[in-house]
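J.: Here it is: the structure, laid out below.
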Amino acid sequence: MLQTHLLSVLVWLPIVGGIAVMLAGERAAKGLSLGVALLTFALSIPLWTGFELGTASFQFVERVAWIPSLHSDYYLGVDGISLPLIVLTTFTTVLVIVAGFGSVTKRLAQYFAAFLILEGVMIGVFAALDGLLYYAFWEAMLIPMFIIIGVWGGQRRVYATMKFFLYTFFGSIFMLIALIYLYLKAGTYDLGAFYAQRLTFHEQVWIFLAFFAAFAVKVPMFPVHTWLPDAHVEAPTGGSVILAAIMLKMGGYGFLRFSLPIAPDAAHYLSWTMIGLSLVAVVYIGLVALVQQDMKKLIAYSSIAHMGFVTLGCFLAWDIVAATGSLHGAVLGLSGAMVQMISHGLISGALFLCVGVLYDRMHTRDIAAYGGVVNRMPTFAAFLVLFAMANAGLPATSGFVGEFMVIIASFHANPWYALLAAVTLVTGAAYTLWLVKRVVFGAVGNDEVAKLEDIGGREFLVLGVLAVAVIAVGVYPKPLTDVMEPTLQHLAELLSASKL
Amino acid sequence: MQSLLLIIVLAPLAAAILAGLFGRTIGRAGAHSVTIAGVATSCACSALVLYRMLAEGAPTFNDTLYTWLVTDGIRFEIGFLVDHLTALMMVVVTFVSLMVHVYTIGYMHEDDGYQRFFSYISLFTFAMLMLVMSNNYLQLFFGWEAVGLVSYLLIGFWYTRPTAIFANMKAFLVNRVGDFGFVLGIAAIVYYTGSLRYADAFAAAPAIATHAIVPWAGASWNAMTVVCICLFIGAMGKSAQVPLHVWLPDSMEGPTPISALIHAATMVTAGIFMVARMSPLFELSPTARSFVLVIGATTALFMGFLGIIQNDIKRVVAYSTLSQLGYMTVALGVSAYSVAIFHLMTHAFFKALLFLAAGSVIIGMHHEQDMRKMGGLRKYMPITYLTSMIGSLALIGFPGFAGFYSKDSIIEAVHAALEGGQVPGAGYAYFCVVVGVFVTAFYSFRMVFMTFHGEERMDHHTKEHLHESPLVVTLPLVALAIPSVLIGALTMGPVLFGGYFGTAIQVLPANDVVAKLGAEWHGPLEFIVDGLKSPTVWIALAGVATAWYLYLANPALPARLGETFAPLYRLLDQKYYFDWFNERVLAAGSRWLGTGFWKVGDQFLIDGALVNGSARTVGLFGALVRHLQTGLLYHYAFAMIIGLSALLAYILYRA
């Protein structure tokens, strides 16, 4: 029972749990929501251990008719692309709940409920194999996040939420049109049928662009990235963590799940644009991050630059074929993109939690308001330096793995790509270490800093768990790439086969 | 063998973790005991490995430890390659590290960060060992970055000092510029070979050299040249070659023991080691080697000039390190890889000695580093004086001392390359290394004279408390002074001419300048006799004499000279304006560009024109359209009539 419906349980347990938390009220909120989050995480472990390696087919599949008149099914399943992202979601949610214990004061129950419901919906997005079901989860995801920023956000939260909502909604409308068009062609919302559906070049281009509108906003890619810094700055810590760690991955996931296999010829045709935009993200955004005065904005821009590696890795295949005549190196780029997504989830989440720790104490995100934090908070400083180094892509942390793979893969496509991508070695280190220098090091900056107290047990636990995860992926990423490899090999075959 | 190698690597790591995470529990004595035990174990085992290789003929160890990840048929692995080159490096690294560990007990005994410091230097030892013992590019890069991380942490060890936390960021970023090239070099190797293992890259080297990279239409670069120059850019960062040298002088902000360990003896030589390790690749690209040669020669001479005008005792030694790294690079450039490693080894001993001696002086002077406030210290600190003297004699290549053998070999090798006439840039390099000898001798003895001889310029209070440093400080000095004298004479024959490196270093017969030197090699004593006949020894002595004249015989003269040659002095004082350029042009330019992108690109164009602009456009359109919807029937009727007539007119007109 559990084994066959594991995915449904993972989707609905947190949603039902979230509603229960809301009903149970403030006093039971903490314990109950932590219990639900832990249970969901615990249940995602058999998903990982029970996942059969060496096959590209979907596993833990559940399928029942949902809306027969539209030929839409309640159809769930995981493969090597979605599995790591689902586990990342359940893992991160636990940390966000724990981190919220001390720092959230108003509407506690609703806060935790929103995150639990969001968790279930996000797992739904990653697990849905039916176009309509996917779209339903995708749009449903907006609501809790809209509420989280709008209710628990900062001073300009209304502007930020509107910007966030309109940006993403604007993108998803086009995606809905593309899904409906595909349904009309294929006669079903089954993703497998979409993959097999032959499409003319023009159809593919329009479908690709429609998906692009949705996914590029989510990643976010240049030039539709400007909602992210605003949303992050105004979001509460937990919101920022989920936004950066999970929701941005929806974009990269979308490219891998929809754009590439459904419209491979259009992706081929437009790959130079995608690569160009990715490299702009790495270089341009890297420089923009350098001059940020607000810690959260800096990390937000750094996220965009890091996500540039994801999109870069996704679209290298055709250039590699053109340059070398073989597909060798394409999977390296794809798995680099996947690893980068997971790693970015851990590191950006950790960095936003670190900012949250400081914000809880000083109520400012302004870099200039800090200085010499290490004198008062040595343990916290050690964590921040670790995560900063991971963000700068230091080997033996997760941040290195994906970047290294994508840089090598991009060299296969074109040495210039590799050169521009490698700029991140310098810019990434520059903006991160400069942040660390200004916030952490130096003599005690002012009286406020002098009153700081080091992190307590709860914060230590959250950051410690993330530190272990960041180092574990950096030292031994093989379990992660082993899970992904067959799926990505299969994907590489799909996207290299023309649909014309 | 594998378990022995694992002990060598993991003992310092375990000690670092213990001292780092449980420093408060185990206390100060606990921290230094556990880390010293770890490094001593590592050192003893390294010596055992070397012994087994030399005495018992143990074969090269080359095996994978574990697979980091596999994707797309490319195996990313962690593994060891231990041959004679590695074994030598392991012994040097762990021995110097052990000495520095012991010395630190004395140097840092009043510091609050005692345990943290021991944890870092043990972690460094681990990282450095991973670097030298690697059998693949992935792990090489791991070690490469890890030593950079520890260097960052240690330069900024006194994190409340603004200069220290600026210097550590600068060091990391400048190294990252080097890594930028390094990563591209590695990516190119994976591209051509599909593997990260050295062995595969070496086997494929002739094939790589037949490929070309077309950067733009009409240009064609040899793939091996691109690979080698990219890798060497990494080495330029780590081994502080011009123009990526700027971080090393500033790194002196760190405590002196790490200046000795990291910024003189071991980490900064990683680039030299790497190029020597990659000799099968570099041999196939004459262009890359000439590039290496010219960069090295420039560093050797021009960084030496900067040492002349420094007044901070540590900075003199730092510039001398830069210059000596340049010498090693020159040796690499003329395919004398074994000579480069030989100089690396002798330099590790005498330069660590010089730094630790400088540290001993600094302790004695109550953390005063300005040599203008020293003088006459030889009376108060005889052991420090004697060992400094030994270190300086070794550094300037005084006959019989370790540096003499290695440095003279470099000069001879360049000379042989020049005679061979096949290496572009050899003439320039020969000029640089010969003039460099004078410069080296001059600044070294300027330091010795200003510190230990002449008038006692320190204040009364300092003078009263002057005494020789404690045993934990002087013991490492003595222990390093012994190899600084002997190691050259003992090892030159076997290391350079006895085939010590075997296949670890590969040189094409046509480039083999070391073989030419070997033809004239008759033993260390004869080498001294030959050396006395060559001009270099006399040039060095002239440098010493000049320093004596200017700083002991006629101490008012240097200031007058500085005034006479004011523009030149300013050029040296400003370090050729590299820092100015980096800070005012590169760093400021990046910030300016970033601000421009942010304000103009993101805020004005995207947000202003596109996002909020489209919102405004919609609003404007709505406002306009609103005027049309008045709610008055006759307005609508009127509009309908106008519309109908227009439509009718159009239809009639077309007909």
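If you're wondering about the labels, chains in the structure tokens are A, B, ... by order shown, residues count from 1 in each chain, ligands from 1 in order shown.
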Write down, as a ChimeraX atom specification, each residue of chain B that has any atom within 7 Å of an atom of chain A, counting only C-alpha atoms.

T.: /B:68-72,142,145,159-162,165,169,173,176-177,180,184,187-188,191,590-591,593-595,597-598,602,606-607

J.: Okay, now the selection with C-alpha atoms, as a short mmCIF file (atom, residue, chain, number, x, y, z; two decimals), in the first residue's frame?

T.:
```
data_model
loop_
_atom_site.label_atom_id
_atom_site.label_comp_id
_atom_site.auth_asym_id
_atom_site.auth_seq_id
_atom_site.Cartn_x
_atom_site.Cartn_y
_atom_site.Cartn_z
CA TRP B 68 34.01 10.45 -6.87
CA LEU B 69 31.45 10.20 -9.62
CA VAL B 70 30.97 8.69 -13.04
CA THR B 71 29.00 10.35 -15.75
CA ASP B 72 28.99 10.21 -19.50
CA PHE B 142 41.01 19.77 -4.82
CA GLU B 145 41.97 24.99 -3.84
CA TYR B 159 40.79 38.90 11.61
CA THR B 160 40.40 42.19 13.40
CA ARG B 161 43.26 43.74 11.42
CA PRO B 162 41.90 45.52 8.34
CA ILE B 165 41.40 40.66 5.99
CA MET B 169 40.67 38.26 0.20
CA LEU B 173 40.90 36.33 -5.59
CA ARG B 176 41.17 32.47 -8.45
CA VAL B 177 42.32 34.35 -11.53
CA PHE B 180 40.39 30.35 -14.02
CA LEU B 184 40.17 25.66 -18.56
CA ALA B 187 38.61 21.05 -19.20
CA ALA B 188 40.71 20.95 -22.35
CA TYR B 191 37.94 17.19 -23.82
CA SER B 590 34.37 45.75 -12.17
CA ARG B 591 32.41 47.61 -9.52
CA LEU B 593 30.52 47.89 -14.55
CA GLY B 594 28.44 46.03 -11.97
CA THR B 595 26.81 49.24 -10.82
CA PHE B 597 24.57 46.84 -15.23
CA TRP B 598 22.48 47.03 -12.11
CA ASP B 602 18.22 45.89 -14.35
CA ILE B 606 14.27 45.90 -17.54
CA ASP B 607 12.30 47.08 -14.54
#
```

J.: Please report, as a VMD selection string, each residue of range 534-590 of chain B to which DSSP assigns alpha helix (DSSP H) when run on this structure's backbone.

T.: chain B and resid 535 to 548 557 to 564 566 to 573 578 to 580 588 to 590

J.: Looking only at strand (DSSP E) from DSSP on the backbone, list the matching residues of range 45-204 of chain B as a list in words.

T.: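 Reading the DSSP output for range 45-204 of chain B, strand (DSSP E) covers Phe61, Asn62, Asp63, Thr64, Leu65, Tyr66, Thr67, Trp68, Leu69, Val70, Thr71, Ile74, Arg75, Phe76, Glu77, Ile78, Gly79, Phe80, Leu81 and Val82 of chain B.
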
J.: Set the distance at 10 Å and use only C-alpha atoms: which residues neighbour Leu344 in chain B once local chain neighbours fewer than 2 positions away are removed? I'd like the list as a PyMOL selection string.

T.: chain B and resi 89+92+264-266+268-270+272-273+324-325+327-328+338-342+346-349+351+403+406

J.: Calculated over only C-alpha atoms, which of the candidates B:Leu532, B:Leu131, B:Val434, B:Ile295 has the smallest distance to Gly148 in chain B?

T.: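 Closest to Gly148 in chain B of all the choices is B:Leu131.
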
J.: Taking only C-alpha atoms into account, which of A:Gln110, A:Ser69, A:Gln197, A:Thr161 comes nearest Pro261 in chain A?

T.: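 Residue with the minimum atom-to-atom distance to Pro261 in chain A: A:Gln197.
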
J.: Residues at most 10 Å from Tyr269 in chain A, counting only C-alpha atoms, excluding those fewer than 3 positions away in the same chain, as a list in words?

T.: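 After dropping sequence-adjacent residues, the list is Phe201, Gln204, Val205, Ala263, Pro264, Asp265, Ala266, Trp272, Thr273, Met274 and Trp318 of chain A.
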
J.: Store the residues picked out above, limited to N, CA and C atoms, as a PDB file, in the first residue's frame.

T.:
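Result file selection_29.pdb:
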```pdb
ATOM      1  N   PHE A 201       8.489  21.998 -37.344  1.00  0.00           N
ATOM      2  CA  PHE A 201       9.467  22.912 -36.779  1.00  0.00           C
ATOM      3  C   PHE A 201       8.783  24.147 -36.177  1.00  0.00           C
ATOM      4  N   GLN A 204       7.050  23.398 -32.994  1.00  0.00           N
ATOM      5  CA  GLN A 204       8.034  23.232 -31.921  1.00  0.00           C
ATOM      6  C   GLN A 204       8.537  24.575 -31.406  1.00  0.00           C
ATOM      7  N   VAL A 205       8.814  25.482 -32.337  1.00  0.00           N
ATOM      8  CA  VAL A 205       9.343  26.779 -31.906  1.00  0.00           C
ATOM      9  C   VAL A 205       8.327  27.487 -31.018  1.00  0.00           C
ATOM     10  N   ALA A 263      10.218  19.521 -27.598  1.00  0.00           N
ATOM     11  CA  ALA A 263      10.551  20.349 -28.764  1.00  0.00           C
ATOM     12  C   ALA A 263      12.053  20.353 -29.024  1.00  0.00           C
ATOM     13  N   PRO A 264      12.640  19.193 -29.313  1.00  0.00           N
ATOM     14  CA  PRO A 264      14.099  19.143 -29.430  1.00  0.00           C
ATOM     15  C   PRO A 264      14.653  19.961 -30.592  1.00  0.00           C
ATOM     16  N   ASP A 265      13.918  20.004 -31.688  1.00  0.00           N
ATOM     17  CA  ASP A 265      14.450  20.744 -32.832  1.00  0.00           C
ATOM     18  C   ASP A 265      14.436  22.244 -32.572  1.00  0.00           C
ATOM     19  N   ALA A 266      13.369  22.699 -31.904  1.00  0.00           N
ATOM     20  CA  ALA A 266      13.334  24.115 -31.544  1.00  0.00           C
ATOM     21  C   ALA A 266      14.425  24.423 -30.521  1.00  0.00           C
ATOM     22  N   TRP A 272      21.561  28.529 -29.092  1.00  0.00           N
ATOM     23  CA  TRP A 272      22.551  29.602 -28.984  1.00  0.00           C
ATOM     24  C   TRP A 272      22.009  30.752 -28.133  1.00  0.00           C
ATOM     25  N   THR A 273      20.687  31.020 -28.256  1.00  0.00           N
ATOM     26  CA  THR A 273      20.095  32.071 -27.430  1.00  0.00           C
ATOM     27  C   THR A 273      20.149  31.675 -25.965  1.00  0.00           C
ATOM     28  N   MET A 274      19.802  30.412 -25.711  1.00  0.00           N
ATOM     29  CA  MET A 274      19.769  29.947 -24.328  1.00  0.00           C
ATOM     30  C   MET A 274      21.162  29.979 -23.716  1.00  0.00           C
ATOM     31  N   TRP A 318      23.672  20.239 -28.533  1.00  0.00           N
ATOM     32  CA  TRP A 318      23.756  20.385 -29.994  1.00  0.00           C
ATOM     33  C   TRP A 318      25.076  20.990 -30.411  1.00  0.00           C
TER      34      TRP A 318
END
```

J.: Could you pull the residues within 8 Å of Ser323 in chain B, counting only C-alpha atoms, minus those fewer than 6 positions along the same chain, as a PyMOL selection string?

T.: chain B and resi 299-304

J.: Show me, as a PyMOL selection string, the residues that have an atom within 9 Å of His344 in chain A when counting only C-alpha atoms, minus same-chain residues fewer than 4 positions from it.

T.: chain A and resi 244-245+303+306-307+339-340+348-349+391+398-399

J.: Would you save the residues of that selection, restricted to N, CA and C atoms, as a PDB file, in the first residue's frame?

T.:
```pdb
ATOM      1  N   ALA A 244      14.510  30.010  -3.108  1.00  0.00           N
ATOM      2  CA  ALA A 244      15.817  29.785  -3.729  1.00  0.00           C
ATOM      3  C   ALA A 244      16.109  28.303  -3.874  1.00  0.00           C
ATOM      4  N   ALA A 245      15.802  27.558  -2.829  1.00  0.00           N
ATOM      5  CA  ALA A 245      16.235  26.159  -2.821  1.00  0.00           C
ATOM      6  C   ALA A 245      15.375  25.306  -3.738  1.00  0.00           C
ATOM      7  N   SER A 303      22.293  33.739  -6.822  1.00  0.00           N
ATOM      8  CA  SER A 303      21.458  32.613  -7.247  1.00  0.00           C
ATOM      9  C   SER A 303      21.254  32.641  -8.753  1.00  0.00           C
ATOM     10  N   HIS A 306      24.302  31.505 -10.457  1.00  0.00           N
ATOM     11  CA  HIS A 306      24.519  30.058 -10.332  1.00  0.00           C
ATOM     12  C   HIS A 306      23.528  29.272 -11.169  1.00  0.00           C
ATOM     13  N   MET A 307      22.304  29.769 -11.260  1.00  0.00           N
ATOM     14  CA  MET A 307      21.326  29.073 -12.082  1.00  0.00           C
ATOM     15  C   MET A 307      21.685  29.186 -13.560  1.00  0.00           C
ATOM     16  N   VAL A 339      23.207  18.492 -10.809  1.00  0.00           N
ATOM     17  CA  VAL A 339      23.960  18.587  -9.559  1.00  0.00           C
ATOM     18  C   VAL A 339      23.980  20.040  -9.076  1.00  0.00           C
ATOM     19  N   GLN A 340      24.125  20.953 -10.034  1.00  0.00           N
ATOM     20  CA  GLN A 340      24.138  22.366  -9.670  1.00  0.00           C
ATOM     21  C   GLN A 340      22.816  22.763  -9.026  1.00  0.00           C
ATOM     22  N   SER A 348      22.197  27.957  -1.262  1.00  0.00           N
ATOM     23  CA  SER A 348      21.444  29.203  -1.168  1.00  0.00           C
ATOM     24  C   SER A 348      20.504  29.136   0.029  1.00  0.00           C
ATOM     25  N   GLY A 349      19.943  27.956   0.275  1.00  0.00           N
ATOM     26  CA  GLY A 349      19.109  27.813   1.459  1.00  0.00           C
ATOM     27  C   GLY A 349      19.900  28.146   2.711  1.00  0.00           C
ATOM     28  N   ASN A 391      29.561  28.540  -1.878  1.00  0.00           N
ATOM     29  CA  ASN A 391      28.945  29.389  -2.896  1.00  0.00           C
ATOM     30  C   ASN A 391      29.973  29.819  -3.936  1.00  0.00           C
ATOM     31  N   SER A 398      29.605  21.072  -2.234  1.00  0.00           N
ATOM     32  CA  SER A 398      28.729  20.737  -3.351  1.00  0.00           C
ATOM     33  C   SER A 398      28.795  21.781  -4.457  1.00  0.00           C
ATOM     34  N   GLY A 399      29.137  23.018  -4.100  1.00  0.00           N
ATOM     35  CA  GLY A 399      29.134  24.091  -5.085  1.00  0.00           C
ATOM     36  C   GLY A 399      30.108  23.863  -6.226  1.00  0.00           C
TER      37      GLY A 399
END
```

J.: To one decimal in Å, tell me the separation between CA of Leu571 in chain B and CA of Lys314 in chain B.

T.: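 Computing the Euclidean distance for CA of Leu571 in chain B and CA of Lys314 in chain B yields 20.5 Å.
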
J.: Just the residues within 9 Å of Gly254 in chain A, please, counting only C-alpha atoms, with nothing from its chain fewer than 6 positions along; format it as JSON, numbers by chain.

T.: {"A": [211, 212, 214, 215, 260]}

J.: Next, write the just-selected residues to a file, as a PDB file, in the first residue's frame, keeping N, CA and C atoms as the atom set.

T.:
```
ATOM      1  N   PHE A 211       6.796  27.446 -23.382  1.00  0.00           N
ATOM      2  CA  PHE A 211       7.388  26.858 -22.177  1.00  0.00           C
ATOM      3  C   PHE A 211       8.492  27.762 -21.628  1.00  0.00           C
ATOM      4  N   PHE A 212       9.236  28.328 -22.560  1.00  0.00           N
ATOM      5  CA  PHE A 212      10.327  29.205 -22.148  1.00  0.00           C
ATOM      6  C   PHE A 212       9.804  30.352 -21.283  1.00  0.00           C
ATOM      7  N   ALA A 214       7.397  30.383 -19.272  1.00  0.00           N
ATOM      8  CA  ALA A 214       7.138  29.938 -17.905  1.00  0.00           C
ATOM      9  C   ALA A 214       8.435  29.618 -17.168  1.00  0.00           C
ATOM     10  N   PHE A 215       9.302  28.853 -17.820  1.00  0.00           N
ATOM     11  CA  PHE A 215      10.469  28.335 -17.111  1.00  0.00           C
ATOM     12  C   PHE A 215      11.557  29.393 -16.931  1.00  0.00           C
ATOM     13  N   LEU A 260      13.022  20.269 -23.605  1.00  0.00           N
ATOM     14  CA  LEU A 260      14.002  19.518 -24.381  1.00  0.00           C
ATOM     15  C   LEU A 260      13.396  18.306 -25.073  1.00  0.00           C
TER      16      LEU A 260
END
```

J.: Using CA of Val217 in chain A and CA of Leu132 in chain A as the two end points, give the distance in Å to one decimal.

T.: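 CA of Leu132 in chain A lies 19.8 Å from CA of Val217 in chain A.
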
J.: Go through B:Met267, B:Ala217, B:Ser97, B:Thr474 and flag the residue nearest Val147 in chain B, using only C-alpha atoms for the distances.

T.: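 Ranked by minimum distance to Val147 in chain B, first place goes to B:Met267.
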
J.: Which one of B:Ser388, B:Asn612, B:Thr104, B:Thr193 sits closest to Val317 in chain B if you count only C-alpha atoms?

T.: B:Ser388

J.: Could you tell me how far CA of Ala127 in chain A sits from CA of Tyr75 in chain A, in Å to one decimal place?

T.: 8.3 Å
